[in-house]
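Enquirer: If it helps, the file is called my_file-v4.txt and holds compact mmCIF, C-alpha atoms and all ligand atoms:
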```txt
# COMPACT_ATOMS: atom_id res chain seq x y z
CA MET Y 1 28.61 85.27 150.40
CA PHE Y 2 27.41 87.61 153.13
CA GLY Y 3 29.31 90.11 155.22
CA GLY Y 4 31.39 91.44 152.33
CA GLY Y 5 30.71 95.13 151.89
CA GLY Y 6 27.66 96.53 153.58
CA ILE Y 7 26.27 100.00 153.99
CA ARG Y 8 27.88 102.08 156.69
CA VAL Y 9 25.26 103.63 158.96
CA GLY Y 10 27.34 105.17 161.73
CA ARG Y 11 29.78 104.62 164.54
CA ILE Y 12 29.35 103.49 168.13
CA LEU Y 13 32.28 104.04 170.51
CA GLY Y 14 34.49 104.49 167.49
CA ILE Y 15 33.46 101.22 165.82
CA PRO Y 16 31.93 101.59 162.33
CA ILE Y 17 28.52 99.88 162.10
CA LYS Y 18 27.49 98.44 158.72
CA LEU Y 19 24.35 96.82 157.38
CA ASP Y 20 24.66 94.03 154.86
CA LEU Y 21 22.05 93.97 152.08
CA SER Y 22 20.67 90.71 153.47
CA PHE Y 23 19.86 92.64 156.65
CA PHE Y 24 17.07 94.60 154.93
CA LEU Y 25 15.45 91.40 153.67
CA VAL Y 26 15.37 89.91 157.17
CA PHE Y 27 14.28 93.17 158.75
CA GLY Y 28 11.32 93.38 156.36
CA LEU Y 29 10.44 89.76 157.05
CA LEU Y 30 10.61 90.28 160.81
CA VAL Y 31 8.36 93.36 160.68
CA PHE Y 32 5.92 91.41 158.51
CA LEU Y 33 5.90 88.42 160.89
CA ILE Y 34 5.38 90.56 163.98
CA ALA Y 35 2.61 92.58 162.31
CA THR Y 36 0.73 89.66 160.80
CA GLN Y 37 1.51 86.57 162.93
CA VAL Y 38 2.32 87.81 166.41
CA LEU Y 39 -0.18 90.57 166.94
CA PRO Y 40 -3.86 89.68 167.51
CA GLU Y 41 -6.28 89.63 164.59
CA SER Y 42 -8.43 92.23 166.25
CA LEU Y 43 -5.69 94.84 166.20
CA ASP Y 44 -6.67 97.34 163.55
CA GLY Y 45 -6.40 100.68 165.34
CA TRP Y 46 -5.26 103.79 163.51
CA GLY Y 47 -6.97 102.62 160.34
CA GLY Y 48 -5.03 99.32 160.28
CA ALA Y 49 -1.64 101.02 160.74
CA GLU Y 50 -1.16 100.15 164.40
CA ARG Y 51 0.08 96.60 163.86
CA TRP Y 52 2.66 97.83 161.34
CA VAL Y 53 3.92 100.55 163.65
CA TYR Y 54 4.41 97.93 166.39
CA GLY Y 55 5.99 95.61 163.83
CA VAL Y 56 8.58 98.22 162.90
CA ILE Y 57 9.28 99.07 166.57
CA GLY Y 58 9.73 95.37 167.34
CA GLY Y 59 12.06 94.94 164.35
CA VAL Y 60 14.17 97.93 165.32
CA VAL Y 61 14.48 96.83 168.96
CA TYR Y 62 15.44 93.32 167.85
CA PHE Y 63 18.27 94.62 165.70
CA VAL Y 64 19.42 96.93 168.48
CA SER Y 65 19.58 93.78 170.64
CA LEU Y 66 21.69 92.13 167.94
CA LEU Y 67 23.97 95.14 167.93
CA ILE Y 68 24.37 94.91 171.72
CA HIS Y 69 25.35 91.25 171.31
CA GLU Y 70 28.08 92.21 168.81
CA LEU Y 71 29.22 95.20 170.89
CA ALA Y 72 29.72 92.84 173.83
CA HIS Y 73 32.15 90.78 171.67
CA SER Y 74 33.87 93.86 170.26
CA LEU Y 75 34.33 95.76 173.50
CA THR Y 76 35.72 92.68 175.25
CA ALA Y 77 38.19 92.18 172.40
CA ARG Y 78 39.16 95.81 172.67
CA ARG Y 79 39.77 95.44 176.40
CA TYR Y 80 42.37 92.83 175.50
CA GLY Y 81 44.05 95.38 173.26
CA MET Y 82 42.71 94.06 169.95
CA ASP Y 83 41.64 96.31 167.12
CA VAL Y 84 37.97 96.09 166.10
CA SER Y 85 37.59 97.33 162.55
CA SER Y 86 33.79 97.06 162.15
CA ILE Y 87 30.51 95.44 163.12
CA THR Y 88 28.25 94.26 160.30
CA LEU Y 89 24.67 93.16 160.85
CA PHE Y 90 23.48 90.66 158.27
CA PHE Y 91 21.09 87.85 157.59
CA PHE Y 92 20.48 86.04 160.90
CA GLY Y 93 23.04 87.76 163.04
CA GLY Y 94 26.01 90.01 163.16
CA VAL Y 95 29.73 89.77 162.80
CA SER Y 96 32.44 91.71 164.59
CA VAL Y 97 35.59 92.05 162.53
CA ILE Y 98 38.45 91.81 165.00
CA ARG Y 99 41.82 92.46 163.45
CA GLU Y 100 43.73 89.78 165.27
CA ASP Y 101 43.15 86.41 166.86
CA SER Y 102 43.16 85.81 170.60
CA HIS Y 103 46.56 85.17 172.12
CA ARG Y 104 45.36 83.02 174.99
CA PRO Y 105 42.46 80.60 175.48
CA GLY Y 106 41.10 82.74 178.33
CA GLN Y 107 40.73 85.74 176.00
CA GLU Y 108 39.01 83.61 173.38
CA PHE Y 109 36.60 82.29 176.01
CA TRP Y 110 35.54 85.70 177.30
CA ILE Y 111 35.27 87.34 173.89
CA ALA Y 112 33.00 84.48 172.76
CA ILE Y 113 30.81 84.07 175.83
CA VAL Y 114 29.86 87.72 176.43
CA GLY Y 115 27.72 87.87 173.25
CA PRO Y 116 25.30 85.07 174.20
CA LEU Y 117 25.35 86.35 177.81
CA ALA Y 118 24.25 89.79 176.61
CA SER Y 119 21.44 88.22 174.55
CA LEU Y 120 20.36 86.07 177.47
CA LEU Y 121 20.22 89.10 179.79
CA LEU Y 122 18.22 91.07 177.23
CA GLY Y 123 15.89 88.13 176.60
CA GLY Y 124 15.38 87.53 180.32
CA GLY Y 125 14.78 91.25 180.85
CA PHE Y 126 12.12 91.43 178.12
CA LEU Y 127 10.38 88.29 179.42
CA LEU Y 128 10.30 89.69 182.96
CA LEU Y 129 8.88 92.95 181.61
CA ALA Y 130 6.20 91.06 179.69
CA LEU Y 131 5.29 88.91 182.69
CA PHE Y 132 5.32 91.50 185.46
CA ALA Y 133 5.49 95.06 184.21
CA VAL Y 134 3.69 95.58 180.92
CA PRO Y 135 -0.12 95.29 181.17
CA LYS Y 136 -1.36 91.87 180.00
CA ASP Y 137 -3.28 91.32 176.75
CA THR Y 138 -1.96 94.47 175.18
CA THR Y 139 -0.15 94.88 171.89
CA LEU Y 140 2.95 96.13 173.71
CA ASN Y 141 2.96 93.05 175.91
CA ASN Y 142 2.87 90.79 172.83
CA VAL Y 143 5.78 92.59 171.21
CA VAL Y 144 7.91 92.66 174.39
CA PHE Y 145 7.24 88.94 174.92
CA VAL Y 146 8.33 88.10 171.38
CA LEU Y 147 11.49 90.18 171.81
CA GLY Y 148 12.25 88.16 174.95
CA ILE Y 149 11.83 84.87 173.09
CA LEU Y 150 13.89 86.05 170.10
CA ASN Y 151 16.81 87.14 172.30
CA CYS Y 152 16.78 83.90 174.29
CA PHE Y 153 16.71 81.98 171.03
CA LEU Y 154 19.64 84.05 169.73
CA ALA Y 155 21.64 83.20 172.87
CA ALA Y 156 20.81 79.49 172.57
CA PHE Y 157 21.51 79.26 168.83
CA ASN Y 158 24.85 81.01 169.17
CA MET Y 159 25.90 78.63 171.92
CA LEU Y 160 25.63 75.59 169.62
CA PRO Y 161 29.06 73.95 169.81
CA GLY Y 162 30.42 74.52 166.29
CA PHE Y 163 32.93 77.06 165.01
CA PRO Y 164 32.37 79.87 163.93
CA LEU Y 165 29.37 80.16 166.28
CA ASP Y 166 30.10 81.55 169.73
CA GLY Y 167 29.59 78.13 171.31
CA GLY Y 168 32.18 76.76 168.87
CA ARG Y 169 34.61 79.45 169.99
CA VAL Y 170 34.01 78.56 173.63
CA MET Y 171 34.69 74.94 172.68
CA ARG Y 172 37.81 76.03 170.83
CA SER Y 173 39.09 77.89 173.89
CA ALA Y 174 38.56 74.78 176.05
CA ILE Y 175 40.39 72.45 173.61
CA TRP Y 176 43.12 75.06 173.24
CA ARG Y 177 43.58 75.19 177.02
CA VAL Y 178 43.73 71.39 177.30
CA THR Y 179 45.96 70.66 174.27
CA GLY Y 180 47.95 73.90 174.26
CA SER Y 181 47.53 74.02 170.47
CA ARG Y 182 45.39 76.72 168.95
CA HIS Y 183 45.25 75.33 165.45
CA ARG Y 184 44.25 71.87 166.66
CA ALA Y 185 41.49 73.51 168.70
CA THR Y 186 40.31 75.53 165.71
CA ARG Y 187 40.28 72.47 163.49
CA ALA Y 188 38.33 70.35 165.95
CA SER Y 189 35.68 72.99 166.62
CA ALA Y 190 35.41 73.86 162.92
CA ARG Y 191 34.84 70.17 162.12
CA MET Y 192 32.02 70.28 164.68
CA GLY Y 193 30.67 73.34 162.88
CA GLN Y 194 30.65 71.41 159.60
CA LEU Y 195 28.85 68.53 161.28
CA LEU Y 196 26.30 70.88 162.80
CA GLY Y 197 25.72 72.54 159.42
CA ALA Y 198 25.25 69.14 157.77
CA VAL Y 199 22.70 68.11 160.40
CA MET Y 200 20.79 71.36 159.84
CA ILE Y 201 20.73 70.83 156.08
CA ILE Y 202 19.47 67.26 156.48
CA TYR Y 203 16.90 68.45 159.00
CA GLY Y 204 15.75 71.24 156.69
CA ILE Y 205 15.46 68.99 153.65
CA GLY Y 206 13.72 66.34 155.77
CA GLY Y 207 11.18 68.91 156.91
CA LEU Y 208 10.66 70.11 153.36
CA LEU Y 209 10.21 66.73 151.69
CA THR Y 210 8.67 64.44 154.31
CA ASP Y 211 5.94 64.38 156.91
CA VAL Y 212 8.06 62.49 159.44
CA ALA Y 213 7.38 63.89 162.91
CA ILE Y 214 11.01 64.41 163.99
CA PHE Y 215 11.52 66.86 161.11
CA ASN Y 216 8.59 69.00 162.21
CA SER Y 217 9.59 72.04 164.15
CA ALA Y 218 8.62 75.62 164.68
CA PHE Y 219 11.31 76.64 162.20
CA ASN Y 220 10.93 77.05 158.49
CA PRO Y 221 12.85 74.12 156.91
CA ILE Y 222 14.24 76.27 154.09
CA TRP Y 223 15.75 78.64 156.64
CA VAL Y 224 17.20 75.81 158.68
CA ALA Y 225 18.86 74.39 155.56
CA LEU Y 226 20.13 77.81 154.48
CA VAL Y 227 21.64 78.56 157.90
CA GLY Y 228 23.19 75.06 157.87
CA PHE Y 229 24.71 75.79 154.48
CA LEU Y 230 26.22 79.08 155.68
CA LEU Y 231 27.58 77.36 158.77
CA ILE Y 232 29.22 74.60 156.71
CA THR Y 233 30.83 77.15 154.40
CA GLN Y 234 32.27 79.24 157.21
CA ALA Y 235 33.37 76.22 159.23
CA ALA Y 236 35.24 74.94 156.16
CA GLN Y 237 37.12 78.24 156.06
CA GLY Y 238 37.93 77.73 159.74
CA VAL Y 239 39.44 74.31 158.97
CA LYS Y 240 41.53 75.83 156.16
CA ALA Y 241 42.71 78.66 158.41
CA ALA Y 242 43.72 76.15 161.09
CA GLU Y 243 45.74 74.14 158.56
CA LEU Y 244 47.42 77.31 157.32
CA GLU Y 245 48.29 78.25 160.87
CA ARG Y 246 49.77 74.81 161.50
CA ASP Y 247 51.91 75.09 158.35
CA LEU Y 248 52.98 78.60 159.32
CA SER Y 249 53.94 77.70 162.86
CA ALA Y 250 56.17 74.94 161.50
CA LEU Y 251 58.22 77.46 159.48
CA ARG Y 252 61.09 79.28 161.18
CA VAL Y 253 61.72 82.92 160.36
CA GLY Y 254 65.45 82.18 160.14
CA GLU Y 255 64.83 79.76 157.25
CA LEU Y 256 62.76 82.04 155.11
CA MET Y 257 64.21 85.48 155.82
CA LEU Y 258 65.90 87.51 153.15
CA LYS Y 259 69.56 88.04 153.97
CA PRO Y 260 72.52 89.53 152.18
CA PRO Y 261 73.43 89.27 149.38
CA VAL Y 262 69.83 88.59 148.22
CA ALA Y 263 68.59 91.49 150.28
CA ARG Y 264 70.56 94.41 148.96
CA THR Y 265 72.70 96.28 151.42
CA ALA Y 266 73.28 100.01 151.12
CA GLU Y 267 75.23 102.50 153.20
CA ALA Y 268 73.20 104.76 155.50
CA ASP Y 269 74.78 107.88 153.99
CA LEU Y 270 73.67 107.06 150.47
CA LEU Y 271 71.20 109.49 148.92
CA VAL Y 272 67.86 107.86 148.19
CA HIS Y 273 67.79 109.07 144.58
CA VAL Y 274 71.25 107.65 143.99
CA LEU Y 275 70.12 104.25 145.23
CA ALA Y 276 66.94 104.42 143.13
CA PRO Y 277 67.54 106.82 140.21
CA SER Y 278 64.19 105.95 138.65
CA ARG Y 279 61.29 105.41 140.96
CA ALA Y 280 59.20 104.07 138.11
CA GLN Y 281 61.53 101.08 137.87
CA LEU Y 282 61.51 100.37 141.58
CA ASP Y 283 59.96 97.04 142.45
CA GLN Y 284 57.43 97.46 145.27
CA GLN Y 285 58.75 94.33 146.92
CA ASP Y 286 62.33 95.60 147.15
CA VAL Y 287 63.80 95.96 150.59
CA PHE Y 288 67.23 97.28 151.47
CA ILE Y 289 69.31 96.52 154.52
CA VAL Y 290 70.89 99.78 155.63
CA ALA Y 291 74.42 99.42 156.95
CA GLU Y 292 76.88 101.67 158.68
CA ASP Y 293 80.55 100.70 158.70
CA GLY Y 294 79.62 97.18 157.77
CA THR Y 295 77.00 96.78 160.51
CA ALA Y 296 73.35 96.56 159.64
CA VAL Y 297 71.46 99.32 161.41
CA GLY Y 298 68.04 99.37 159.76
CA ILE Y 299 65.83 98.56 156.82
CA ALA Y 300 64.31 100.66 154.07
CA SER Y 301 61.62 99.43 151.73
CA ALA Y 302 60.80 100.45 148.16
CA VAL Y 303 57.33 101.41 149.35
CA GLN Y 304 58.82 104.00 151.69
CA ILE Y 305 60.83 105.45 148.79
CA LEU Y 306 57.75 105.50 146.54
CA LEU Y 307 55.80 107.44 149.16
CA LEU Y 308 58.39 110.23 149.51
CA ASP Y 309 57.52 113.63 148.06
CA GLU Y 310 59.81 114.98 145.35
CA GLU Y 311 61.89 117.15 147.67
CA HIS Y 312 62.62 114.38 150.13
CA TYR Y 313 63.25 111.94 147.31
CA LEU Y 314 66.00 114.20 145.99
CA ASN Y 315 67.57 115.18 149.31
CA ALA Y 316 66.97 112.42 151.87
CA ARG Y 317 69.60 109.87 152.77
CA LEU Y 318 68.77 106.29 153.60
CA ARG Y 319 69.34 106.93 157.30
CA ASP Y 320 66.55 109.57 157.21
CA ILE Y 321 63.91 107.18 155.93
CA MET Y 322 65.00 103.82 157.30
CA ILE Y 323 63.23 101.92 160.03
CA GLU Y 324 65.91 101.53 162.68
CA ALA Y 325 66.49 97.97 163.77
CA GLY Y 326 65.92 99.03 167.36
CA GLN Y 327 62.73 100.92 166.53
CA VAL Y 328 60.49 97.94 165.93
CA GLN Y 329 60.51 94.89 168.10
CA PRO Y 330 62.61 92.43 166.11
CA LEU Y 331 61.90 88.81 165.38
CA GLU Y 332 64.33 86.09 166.31
CA PRO Y 333 65.54 83.51 163.79
CA ASN Y 334 63.65 80.74 165.56
CA SER Y 335 60.36 82.66 165.79
CA GLY Y 336 57.53 80.96 163.90
CA ALA Y 337 56.23 82.37 160.62
CA ASP Y 338 52.79 82.60 162.25
CA GLU Y 339 54.19 85.14 164.68
CA ALA Y 340 55.83 87.07 161.84
CA LEU Y 341 52.53 87.21 159.95
CA ARG Y 342 50.64 88.34 163.03
CA ARG Y 343 53.15 91.11 163.67
CA LEU Y 344 53.13 92.26 160.05
CA GLN Y 345 49.33 92.54 160.16
CA LYS Y 346 49.15 94.18 163.54
CA GLU Y 347 51.89 96.72 162.96
CA ARG Y 348 50.77 97.31 159.36
CA THR Y 349 54.32 97.20 158.15
CA PHE Y 350 55.86 95.60 155.08
CA VAL Y 351 58.93 94.04 156.60
CA LEU Y 352 60.29 93.14 160.00
CA PRO Y 353 63.95 92.87 161.00
CA VAL Y 354 65.31 89.53 162.18
CA VAL Y 355 67.81 90.07 164.95
CA GLU Y 356 70.00 87.71 166.94
CA ARG Y 357 71.88 89.01 169.97
CA GLY Y 358 71.62 92.58 168.74
CA ARG Y 359 72.82 91.74 165.24
CA LEU Y 360 70.51 92.30 162.25
CA LEU Y 361 70.60 89.05 160.30
CA GLY Y 362 67.98 89.75 157.65
CA ILE Y 363 64.45 90.80 157.00
CA VAL Y 364 61.18 89.05 156.54
CA GLY Y 365 58.03 90.27 154.77
CA LEU Y 366 54.78 88.86 153.49
CA GLU Y 367 56.42 87.84 150.23
CA GLN Y 368 58.95 85.53 151.90
CA ILE Y 369 56.24 83.93 154.02
CA LEU Y 370 53.99 83.27 151.03
CA LYS Y 371 56.88 81.92 149.00
CA ALA Y 372 57.89 79.54 151.78
CA LEU Y 373 54.29 78.38 152.21
CA GLY Y 374 54.03 77.65 148.50
CA GLN Y 375 57.17 75.52 148.63
CA ALA Y 376 56.38 73.75 151.87
CA PRO Y 377 55.31 70.21 151.05
CA SER Y 378 51.75 69.79 152.23
CA PRO Y 379 51.59 66.87 154.68
CA HIS Y 380 48.46 65.59 152.99
CA PRO Y 381 46.60 66.75 149.89
CA ASP Y 382 43.44 68.68 150.65
CA PRO Y 383 40.53 66.66 149.25
CA SER Y 384 37.94 69.31 150.08
CA SER Y 385 39.23 71.97 147.71
CA GLY Y 386 37.27 72.18 144.51
CA ALA Y 387 34.75 69.60 145.71
ZN ZN S 1 28.06 86.23 168.98
```
Rewrite the coordinates I just gave you, this time as structure tokens.
Expert:
Amino acid sequence: MFGGGGIRVGRILGIPIKLDLSFFLVFGLLVFLIATQVLPESLDGWGGAERWVYGVIGGVVYFVSLLIHELAHSLTARRYGMDVSSITLFFFGGVSVIREDSHRPGQEFWIAIVGPLASLLLGGGFLLLALFAVPKDTTLNNVVFVLGILNCFLAAFNMLPGFPLDGGRVMRSAIWRVTGSRHRATRASARMGQLLGAVMIIYGIGGLLTDVAIFNSAFNPIWVALVGFLLITQAAQGVKAAELERDLSALRVGELMLKPPVARTAEADLLVHVLAPSRAQLDQQDVFIVAEDGTAVGIASAVQILLLDEEHYLNARLRDIMIEAGQVQPLEPNSGADEALRRLQKERTFVLPVVERGRLLGIVGLEQILKALGQAPSPHPDPSSGA
């Protein structure tokens, strides 16, 4: 629902920063709350404009704090060699889009924990400023104090133990370390996320409909329920992703790879336009194993042929355009399909060679993985889909 597109506002350290539409709604609300609820009644300097100026400053500093929280996640991920494609600020927080998943529980732990730590440091810093540095009973003091509380709250909320919140990721890294299974860890912490979301919805509805004391809190019940709903939705995706990963890791590359004669073999000396006389009729999914004297030496995909300019299309031989088997790190027949998928995504390639003891056995691409997943008997039907 949120975090889809977003308006790009700039780049920090090479990472594109985007604002979701829901961001503007919350920003406006925050400015309004600071100006009308936080600042003293008596504040009407500058013809009544003063409180609004402070409201906007407070709002901007809060969202800069949010950005610092996300940058902490993103820069840590980047230190581990992961690609960060963007940071989007939306609704009640931000999201860093990291192109791949952690490889080890330790990485997952540090990427998750640095965000709340950054918020806690900021919150503590603002509170110290308000208590000791900024003159008491001033507008500035009020705003700095509120920024301190907001950042501490952000740290605490994000550390709630349910995936996809940061606390859920920390929990996931711990279960992963203990069990050695990433998908089991994801599933367990995502289930906790669903539980947490359900509790928030019940709490929100309770606060809305009843006068019972335990449902009374400083938080608006509609917001609590809405955040709970978002959490449940995203946690459910986490459960699905974990199940997909389990299914993938059970599939061996050797079982689903395309091998001759299904994968067409062509001699390295063959001219591209002889192999594919009409590019219009080329199927984008086609992949060719390129052979020399009966030995497979590389792979060439239809996409590569489609991307050639006219001159190269007419003159190039397969050996000129092929991906040499030795050029990309090959997969082994007993590698898991999860690894194949990860590599395909990371290397942004269409196919990977499967090699055993230096011999090219076949190729595997997204199509083969999806096909195998579709055929794999699901261990248990998924009751949550469509419900
Ligand atoms: Zn975070």
Enquirer: Neighbours of Ile12 of chain Y within 10 Å (all atoms listed in the file; same-chain residues fewer than 5 positions away dropped), as a VMD selection string?
Expert: chain Y and resid 17 67 71 86 to 87
Enquirer: Selection from above, C-alpha atoms, as a PDB file, in the coordinates of the input, can you write it?
Expert:
```pdb
ATOM      1  CA  ILE Y  17      28.520  99.880 162.100  1.00  0.00           C
ATOM      2  CA  LEU Y  67      23.970  95.140 167.930  1.00  0.00           C
ATOM      3  CA  LEU Y  71      29.220  95.200 170.890  1.00  0.00           C
ATOM      4  CA  SER Y  86      33.790  97.060 162.150  1.00  0.00           C
ATOM      5  CA  ILE Y  87      30.510  95.440 163.120  1.00  0.00           C
TER       6      ILE Y  87
END
```
Enquirer: Have a look at Y:Leu282, Y:Leu341, Y:Ala296, Y:Val272 and name the one nearest to Leu361 of chain Y; count all atoms listed in the file.
Expert: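 Under the stated criterion, the closest residue is Y:Ala296.
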Enquirer: Tell me which residues come within 12 Å of (71.7, 87.6, 167.7), as number ranges by chain, counting all atoms listed in the file in the file's coordinates.
Expert: Y: 254, 330-334, 353-362
Enquirer: For each of Y:Gly204, Y:Gly106, Y:Gly238, Y:Gly28, take the minimum atom-to-atom distance to Ala174 of chain Y, counting all atoms listed in the file, then give the residue where this is smallest.
Expert: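 For Ala174 of chain Y, the nearest of the candidates is Y:Gly106.
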Enquirer: Would you mind listing what lies within 10 Å of Ala300 of chain Y as a list of chain:residue names, with only C-alpha atoms counted and same-chain residues fewer than 3 positions away left out?
Expert: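 Non-adjacent residues within range: Y:Thr265, Y:Ala266, Y:Ala268, Y:Val272, Y:Asp286, Y:Val287, Y:Phe288, Y:Ile289, Y:Val290, Y:Val303, Y:Gln304, Y:Ile305, Y:Leu318, Y:Arg319, Y:Asp320, Y:Ile321, Y:Met322, Y:Ile323, Y:Glu324, Y:Phe350, Y:Val351.
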Enquirer: Would you list the residues that come within 10 Å of ligand ZN 1 (chain S)? Count only C-alpha atoms and all ligand atoms and give the answer as a tab-separated table (two decimals) with C-alpha atoms, in the frame of the given file.
Expert:
```tsv
chain	number	residue	atom	x	y	z
Y	66	LEU	CA	21.69	92.13	167.94
Y	67	LEU	CA	23.97	95.14	167.93
Y	68	ILE	CA	24.37	94.91	171.72
Y	69	HIS	CA	25.35	91.25	171.31
Y	70	GLU	CA	28.08	92.21	168.81
Y	71	LEU	CA	29.22	95.20	170.89
Y	72	ALA	CA	29.72	92.84	173.83
Y	73	HIS	CA	32.15	90.78	171.67
Y	74	SER	CA	33.87	93.86	170.26
Y	93	GLY	CA	23.04	87.76	163.04
Y	94	GLY	CA	26.01	90.01	163.16
Y	95	VAL	CA	29.73	89.77	162.80
Y	96	SER	CA	32.44	91.71	164.59
Y	111	ILE	CA	35.27	87.34	173.89
Y	112	ALA	CA	33.00	84.48	172.76
Y	113	ILE	CA	30.81	84.07	175.83
Y	114	VAL	CA	29.86	87.72	176.43
Y	115	GLY	CA	27.72	87.87	173.25
Y	116	PRO	CA	25.30	85.07	174.20
Y	117	LEU	CA	25.35	86.35	177.81
Y	118	ALA	CA	24.25	89.79	176.61
Y	119	SER	CA	21.44	88.22	174.55
Y	154	LEU	CA	19.64	84.05	169.73
Y	155	ALA	CA	21.64	83.20	172.87
Y	157	PHE	CA	21.51	79.26	168.83
Y	158	ASN	CA	24.85	81.01	169.17
Y	159	MET	CA	25.90	78.63	171.92
Y	164	PRO	CA	32.37	79.87	163.93
Y	165	LEU	CA	29.37	80.16	166.28
Y	166	ASP	CA	30.10	81.55	169.73
Y	167	GLY	CA	29.59	78.13	171.31
Y	169	ARG	CA	34.61	79.45	169.99
```
Enquirer: Could you check which residues have any atom within 6 Å of (18.2, 86.6, 173.9), counting all atoms listed in the file with coordinates taken straight from the file, and then list them as a PyMOL selection string?
Expert: chain Y and resi 119-120+122-123+150-155
Enquirer: Nearest to Gly193 of chain Y: which of Y:Ile222, Y:Leu308, Y:Ile232, Y:Ala372 is it, counting all atoms listed in the file?
Expert: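 Smallest distance to Gly193 of chain Y is found for Y:Ile232.
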Enquirer: What does the distance between atom CA of Val60 of chain Y and atom CA of Leu30 of chain Y come to in Å, to one decimal place?
Expert: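 Taking atom CA of Val60 of chain Y and atom CA of Leu30 of chain Y, their separation equals 9.6 Å.
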Enquirer: May I ask which of the residues Y:Arg191, Y:Asp101, Y:Gln37, Y:Leu271 is the closest one to His312 of chain Y, counting only C-alpha atoms?
Expert: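 Closest residue, counting only C-alpha atoms: Y:Leu271.
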Enquirer: Measuring between only C-alpha atoms, which one of Y:Asn142, Y:Leu306, Y:Leu270, Y:Tyr313 shows the shortest distance to Ala291 of chain Y?
Expert: Y:Leu270
Enquirer: How many Å separate atom CA of Trp176 of chain Y from atom CA of Met200 of chain Y?
Expert: 26.3 Å
Enquirer: Please determine, counting only C-alpha atoms, which residue among Y:Leu128, Y:Ala190, Y:Val364, Y:Leu147 has the shortest atom-to-atom distance to Val64 of chain Y.
Expert: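 Among Y:Leu128, Y:Ala190, Y:Val364, Y:Leu147, it is Y:Leu147 that comes nearest to Val64 of chain Y.
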Enquirer: Can you work out the spacing between atom CA of Ala280 of chain Y and atom CA of Arg264 of chain Y in Å, to one decimal?
Expert: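 Going from atom CA of Ala280 of chain Y over to atom CA of Arg264 of chain Y covers 18.4 Å.
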Enquirer: Identify, on the basis of only C-alpha atoms, every residue whose closest approach to segment 241-244 of chain Y does not exceed 8 Å; exclude the query and any residue fewer than 3 positions from it along the same chain; express the result as a PyMOL selection string.
Expert: chain Y and resi 183-184+186-187+237-238+247-248
Enquirer: Could you add whatever atoms are missing so that segment 335-346 of chain Y carries N, CA and C atoms, then write the result as an mmCIF file, in the coordinates of the input?
Expert:
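So rebuild.cif came out as:
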```cif
data_model
loop_
_atom_site.group_PDB
_atom_site.id
_atom_site.type_symbol
_atom_site.label_atom_id
_atom_site.label_comp_id
_atom_site.auth_asym_id
_atom_site.auth_seq_id
_atom_site.Cartn_x
_atom_site.Cartn_y
_atom_site.Cartn_z
ATOM 1 N N SER Y 335 61.790 82.344 165.666
ATOM 2 C CA SER Y 335 60.360 82.660 165.790
ATOM 3 C C SER Y 335 59.612 81.948 164.666
ATOM 4 N N GLY Y 336 58.342 81.609 164.922
ATOM 5 C CA GLY Y 336 57.530 80.960 163.900
ATOM 6 C C GLY Y 336 57.040 81.976 162.871
ATOM 7 N N ALA Y 337 56.756 81.479 161.656
ATOM 8 C CA ALA Y 337 56.230 82.370 160.620
ATOM 9 C C ALA Y 337 54.843 82.886 160.983
ATOM 10 N N ASP Y 338 54.121 82.131 161.818
ATOM 11 C CA ASP Y 338 52.790 82.600 162.250
ATOM 12 C C ASP Y 338 52.927 83.884 163.063
ATOM 13 N N GLU Y 339 53.970 83.930 163.898
ATOM 14 C CA GLU Y 339 54.190 85.140 164.680
ATOM 15 C C GLU Y 339 54.570 86.312 163.779
ATOM 16 N N ALA Y 340 55.421 86.016 162.780
ATOM 17 C CA ALA Y 340 55.830 87.070 161.840
ATOM 18 C C ALA Y 340 54.606 87.649 161.127
ATOM 19 N N LEU Y 341 53.726 86.768 160.679
ATOM 20 C CA LEU Y 341 52.530 87.210 159.950
ATOM 21 C C LEU Y 341 51.628 88.059 160.844
ATOM 22 N N ARG Y 342 51.461 87.607 162.080
ATOM 23 C CA ARG Y 342 50.640 88.340 163.030
ATOM 24 C C ARG Y 342 51.197 89.752 163.261
ATOM 25 N N ARG Y 343 52.518 89.813 163.418
ATOM 26 C CA ARG Y 343 53.150 91.110 163.670
ATOM 27 C C ARG Y 343 53.049 92.035 162.461
ATOM 28 N N LEU Y 344 53.236 91.451 161.277
ATOM 29 C CA LEU Y 344 53.130 92.260 160.050
ATOM 30 C C LEU Y 344 51.738 92.868 159.942
ATOM 31 N N GLN Y 345 50.721 92.060 160.238
ATOM 32 C CA GLN Y 345 49.330 92.540 160.160
ATOM 33 C C GLN Y 345 49.063 93.591 161.219
ATOM 34 N N LYS Y 346 49.485 93.306 162.430
ATOM 35 C CA LYS Y 346 49.150 94.180 163.540
ATOM 36 C C LYS Y 346 49.857 95.526 163.415
#
```
